[in-house]
Amino acid sequence: MTGPPAAQVDPVPSDTATPEGARAHARAQAGTVVEHMPTLPATAYDPVPAGVPADRLVWAERVAGGGYTHRVVRAGTTVRLADLEGDACAHLLLYRADRTFERLNVADTVKVQWSAYLGVGQLLLSDQGRVLASLLSDTGGHHDTLCGTSSRSLNEERYGSGEAHGPSPAGQELLLLAAAKHGLGPVDLPPSISFFKGVRVESDTGALVWSGAAAGPSHVELRAELDLLVLIANTAHPVDPRPDWSCTTLEVLAWSGAPTGPDEWPATASPEAARAFANNAEDLATRGAR
Amino acid sequence: MSAPLVDVVVPARAPWSGVVPAGATLGIVDLGGNQAVDCLFYLAADTTERYSAPETIVRQGSIFLTTGSVLRSQTGRPLLTVEEDEVGRHDTIGGACSKESNTLRYGHHTRHQHACVENFLAEGARWGLTKRDLVSNINWYMNVPVEANGALGIVDGLSAPGLAVTLRAHEDVLTLISNCPQVNNPCNGFDPTPVRIVVTAP
């Protein structure tokens, strides 16, 4: 049998030639800090933005453009998404943590609240007439409920690549991976919403009009009103008109708290909101949760 | 001309489903006028691939469906094209009515009224589909304007008795229809009526 000669064995002993050596090499990496990573415990995160209770942080992470993240959060947790550099785009899906077949329903969210655009005090509704999350604050104002996230074929056509590990990942590919970590599959990805990039609709024609991003950093705060599975992909918006894929760092900070009470804003913001929170309360009551 | 593959009148408030073969046309006729027809499409060969409102909206750059609109799956694949539309505007963002969302929209007294999600669940189950397979659907004949400030609502319809929409299938597509039973808003003129479904081979 002929073939290429066997590679020469390096005469210099390698540090990782033995399990002990490999272990030492692996352990020597501990403590490395990179720009995009979770901080554990979250209370060690630095710098903590003004107004965020550092001692109650349960989740602190920086997600690169093209990255994704996911957690299960308890009811009452505030999840703060920040566009640190002004060019993030957070595509969000929410599910009931213990019954993931109940999930964000974008159509009900816009229809029930009589608004195509997201604003402070609005609720993200499930398909079962319940409140998954409340939008407590918003410093940017450019978000979207209509366009979902990008498909692999769209990014392949626009940028030449849409795979999750490539240079211009499709939101669907990223959310599929996040969903898979919780036992979910492709049928479990309904239309998502996105923060930090906006689209408006021309009233007479229905045409989409790109409204872009806020000028500079901005953030939104969402309160989980039930125990939730949260999936987030950070990648370019599907109708971003720029020829080159672009997306920058998303900061995710979450801290514990209590869900909105029946007499508290935004449960008091509208009759529809009041009934949605009443549905939450009834569900918890029949389960004996309160 | 050959006889239609399907020519049925779907009663008011009822569901309908069937596979429209690739190349065939699907006609939906608004017999009584201003009757919302909630509709979902699935690739018959693999129902995990299905109509996607966002993908359809993004690719055509508009939230309204009319002649020339290509209805796409979440992968971007064209499922059907609207070949003829006698109304001019159909809805992609309002979704289906449900018993649960009715409690938010109108009050808990509507909890036991029939709703489109009931039709989708019952009819979908005949094809092995479950709740997880339901996504934002098309509402043929439903008028949902979005105003400059984002205000959105189901308002009086633009359709009239006998107006039709005709689609051509690019793939074998499983079609789920709910002839909308909603009586609390103008989507059916407060009076649900039958619609006619006609599937014609190429």
# chains A, B, ... in the order shown; residues from 1 in each chain; ligands from 1
>>> interface_residues(of="chain B", to="chain A", cutoff="9 Å", atoms="only C-alpha atoms", output="number ranges by chain")
B: 47-50, 52-64, 74-77, 92-108, 131-137, 145-154
>>> residues_around(residues="Leu222 in chain A", least_positions_apart="6", cutoff="7 Å", atoms="only C-alpha atoms", output="PyMOL selection string")
chain A and resi 78-80+133-136
>>> residues_around(residues="range 63-71 of chain A", least_positions_apart="2", cutoff="8 Å", atoms="only C-alpha atoms", output="PyMOL selection string")
chain A and resi 36-37+61+73+88+164+167-169+174-175+178+229-236+246-252
>>> select_by_dssp(residues="range 35-191 of chain B", states="alpha helix (DSSP H)", output="VMD selection string")
chain B and resid 53 to 60 99 to 105 116 to 125
>>> select_by_dssp(residues="range 46-284 of chain A", states="strand (DSSP E or B)", output="MDAnalysis selection string")
chainID A and resid 57:63 67:73 78:83 90:96 99:104 115 123:126 131:138 143:144 193:195 198:201 207:212 218:224 228:234 250:255
>>> atom_distance(atom1="CA of Gly171 in chain A", atom2="CA of Ser194 in chain A")
10.3 Å
>>> closest_residue(among="B:Ile138, B:Val195, B:Val183, B:Leu167", to="Leu40 in chain B", atoms="only C-alpha atoms")
B:Ile138
>>> residues_around(residues="Ala12 in chain B", least_positions_apart="5", cutoff="12 Å", atoms="only C-alpha atoms", output="number ranges by chain")
B: 30-32, 35-37, 114-116, 119, 177-183, 188, 190-196
>>> write_last_selection(atoms="C-alpha atoms", output="short mmCIF file (atom, residue, chain, number, x, y, z; two decimals), in the first residue's frame")
data_model
loop_
_atom_site.label_atom_id
_atom_site.label_comp_id
_atom_site.auth_asym_id
_atom_site.auth_seq_id
_atom_site.Cartn_x
_atom_site.Cartn_y
_atom_site.Cartn_z
CA ASP B 30 -67.72 35.07 -0.74
CA LEU B 31 -71.34 34.05 -1.37
CA GLY B 32 -73.02 36.37 1.11
CA GLN B 35 -67.41 36.86 5.16
CA ALA B 36 -63.95 36.37 6.69
CA VAL B 37 -62.37 33.07 5.63
CA HIS B 114 -67.61 29.14 18.57
CA ALA B 115 -64.33 30.44 17.12
CA CYS B 116 -61.88 29.88 14.26
CA ASN B 119 -62.28 24.89 13.60
CA ILE B 177 -60.17 26.78 6.31
CA SER B 178 -62.38 28.16 9.04
CA ASN B 179 -65.47 29.92 7.76
CA CYS B 180 -65.30 32.48 10.54
CA PRO B 181 -68.10 32.31 13.15
CA GLN B 182 -67.24 35.63 14.87
CA VAL B 183 -70.31 37.73 15.69
CA ASN B 188 -68.57 38.84 8.92
CA PHE B 190 -72.21 40.41 12.19
CA ASP B 191 -73.86 37.57 10.24
CA PRO B 192 -71.71 34.57 9.25
CA THR B 193 -72.63 33.19 5.83
CA PRO B 194 -71.57 30.22 3.66
CA VAL B 195 -68.64 30.33 1.24
CA ARG B 196 -67.96 28.23 -1.85
#
>>> residues_around(residues="Glu83 in chain B", least_positions_apart="3", cutoff="7 Å", atoms="only C-alpha atoms", output="PDB file with C-alpha atoms, in the first residue's frame")
ATOM      1  CA  THR B  67     -53.436  39.702  -7.144  1.00  0.00           C
ATOM      2  CA  GLY B  68     -49.776  38.713  -7.560  1.00  0.00           C
ATOM      3  CA  THR B 166     -58.385  32.500  -6.931  1.00  0.00           C
ATOM      4  CA  LEU B 167     -54.993  31.007  -6.044  1.00  0.00           C
ATOM      5  CA  ARG B 168     -52.695  28.659  -7.928  1.00  0.00           C
TER       6      ARG B 168
END
>>> residues_around(residues="Arg126 in chain B", least_positions_apart="3", cutoff="12 Å", atoms="only C-alpha atoms", output="ChimeraX atom specification")
/B:15-18,119-123,129-130,174,176
>>> write_last_selection(atoms="N, CA and C atoms", output="mmCIF file, in the first residue's frame")
data_model
loop_
_atom_site.group_PDB
_atom_site.id
_atom_site.type_symbol
_atom_site.label_atom_id
_atom_site.label_comp_id
_atom_site.auth_asym_id
_atom_site.auth_seq_id
_atom_site.Cartn_x
_atom_site.Cartn_y
_atom_site.Cartn_z
ATOM 1 N N PRO B 15 -65.669 24.383 9.376
ATOM 2 C CA PRO B 15 -64.340 24.247 8.791
ATOM 3 C C PRO B 15 -64.391 23.497 7.462
ATOM 4 N N TRP B 16 -63.271 23.569 6.720
ATOM 5 C CA TRP B 16 -63.086 22.723 5.542
ATOM 6 C C TRP B 16 -61.594 22.475 5.414
ATOM 7 N N SER B 17 -61.222 21.303 4.895
ATOM 8 C CA SER B 17 -59.812 21.056 4.608
ATOM 9 C C SER B 17 -59.701 20.155 3.406
ATOM 10 N N GLY B 18 -58.553 20.219 2.752
ATOM 11 C CA GLY B 18 -58.284 19.360 1.612
ATOM 12 C C GLY B 18 -56.919 19.674 1.049
ATOM 13 N N ASN B 119 -62.207 25.530 14.919
ATOM 14 C CA ASN B 119 -62.276 24.894 13.603
ATOM 15 C C ASN B 119 -60.900 24.387 13.157
ATOM 16 N N PHE B 120 -59.869 25.222 13.356
ATOM 17 C CA PHE B 120 -58.514 24.816 12.950
ATOM 18 C C PHE B 120 -58.055 23.581 13.727
ATOM 19 N N LEU B 121 -58.310 23.570 15.028
ATOM 20 C CA LEU B 121 -57.866 22.431 15.851
ATOM 21 C C LEU B 121 -58.585 21.155 15.439
ATOM 22 N N ALA B 122 -59.896 21.255 15.262
ATOM 23 C CA ALA B 122 -60.687 20.063 14.944
ATOM 24 C C ALA B 122 -60.348 19.550 13.542
ATOM 25 N N GLU B 123 -60.284 20.454 12.584
ATOM 26 C CA GLU B 123 -60.020 20.041 11.208
ATOM 27 C C GLU B 123 -58.559 19.617 11.048
ATOM 28 N N LEU B 129 -52.404 17.249 12.717
ATOM 29 C CA LEU B 129 -51.868 18.527 13.198
ATOM 30 C C LEU B 129 -52.383 18.810 14.603
ATOM 31 N N THR B 130 -51.566 19.530 15.373
ATOM 32 C CA THR B 130 -51.946 19.895 16.738
ATOM 33 C C THR B 130 -51.844 21.404 16.909
ATOM 34 N N LEU B 174 -51.780 21.248 1.734
ATOM 35 C CA LEU B 174 -52.900 20.991 2.638
ATOM 36 C C LEU B 174 -53.480 22.343 3.043
ATOM 37 N N LEU B 176 -56.288 24.395 5.271
ATOM 38 C CA LEU B 176 -57.249 24.404 6.385
ATOM 39 C C LEU B 176 -58.025 25.706 6.315
#
>>> atom_distance(atom1="CA of His90 in chain B", atom2="CA of Val199 in chain A")
19.8 Å
>>> decode(residues="range 176-188 of chain B", atoms="N, CA and C atoms", output="mmCIF file, in the first residue's frame")
data_model
loop_
_atom_site.group_PDB
_atom_site.id
_atom_site.type_symbol
_atom_site.label_atom_id
_atom_site.label_comp_id
_atom_site.auth_asym_id
_atom_site.auth_seq_id
_atom_site.Cartn_x
_atom_site.Cartn_y
_atom_site.Cartn_z
ATOM 1 N N LEU B 176 -56.288 24.395 5.271
ATOM 2 C CA LEU B 176 -57.249 24.404 6.385
ATOM 3 C C LEU B 176 -58.025 25.706 6.315
ATOM 4 N N ILE B 177 -59.323 25.598 6.363
ATOM 5 C CA ILE B 177 -60.174 26.782 6.311
ATOM 6 C C ILE B 177 -61.134 26.776 7.488
ATOM 7 N N SER B 178 -61.295 27.962 8.075
ATOM 8 C CA SER B 178 -62.376 28.164 9.038
ATOM 9 C C SER B 178 -63.268 29.257 8.483
ATOM 10 N N ASN B 179 -64.497 28.912 8.182
ATOM 11 C CA ASN B 179 -65.468 29.924 7.762
ATOM 12 C C ASN B 179 -65.897 30.648 9.037
ATOM 13 N N CYS B 180 -65.361 31.820 9.221
ATOM 14 C CA CYS B 180 -65.299 32.476 10.539
ATOM 15 C C CYS B 180 -66.681 32.661 11.193
ATOM 16 N N PRO B 181 -66.818 32.182 12.441
ATOM 17 C CA PRO B 181 -68.099 32.306 13.151
ATOM 18 C C PRO B 181 -68.229 33.564 14.015
ATOM 19 N N GLN B 182 -67.254 34.462 13.961
ATOM 20 C CA GLN B 182 -67.241 35.626 14.869
ATOM 21 C C GLN B 182 -68.479 36.506 14.669
ATOM 22 N N VAL B 183 -69.123 36.868 15.781
ATOM 23 C CA VAL B 183 -70.312 37.732 15.694
ATOM 24 C C VAL B 183 -70.143 39.017 16.506
ATOM 25 N N ASN B 184 -68.920 39.247 17.012
ATOM 26 C CA ASN B 184 -68.717 40.409 17.880
ATOM 27 C C ASN B 184 -67.992 41.563 17.202
ATOM 28 N N ASN B 185 -67.647 41.413 15.932
ATOM 29 C CA ASN B 185 -67.021 42.511 15.197
ATOM 30 C C ASN B 185 -67.475 42.416 13.749
ATOM 31 N N PRO B 186 -67.136 43.437 12.925
ATOM 32 C CA PRO B 186 -67.715 43.503 11.575
ATOM 33 C C PRO B 186 -67.098 42.538 10.557
ATOM 34 N N CYS B 187 -66.210 41.619 10.984
ATOM 35 C CA CYS B 187 -65.481 40.805 10.000
ATOM 36 C C CYS B 187 -66.421 39.945 9.153
ATOM 37 N N ASN B 188 -67.585 39.601 9.694
ATOM 38 C CA ASN B 188 -68.566 38.837 8.922
ATOM 39 C C ASN B 188 -69.866 39.628 8.766
#
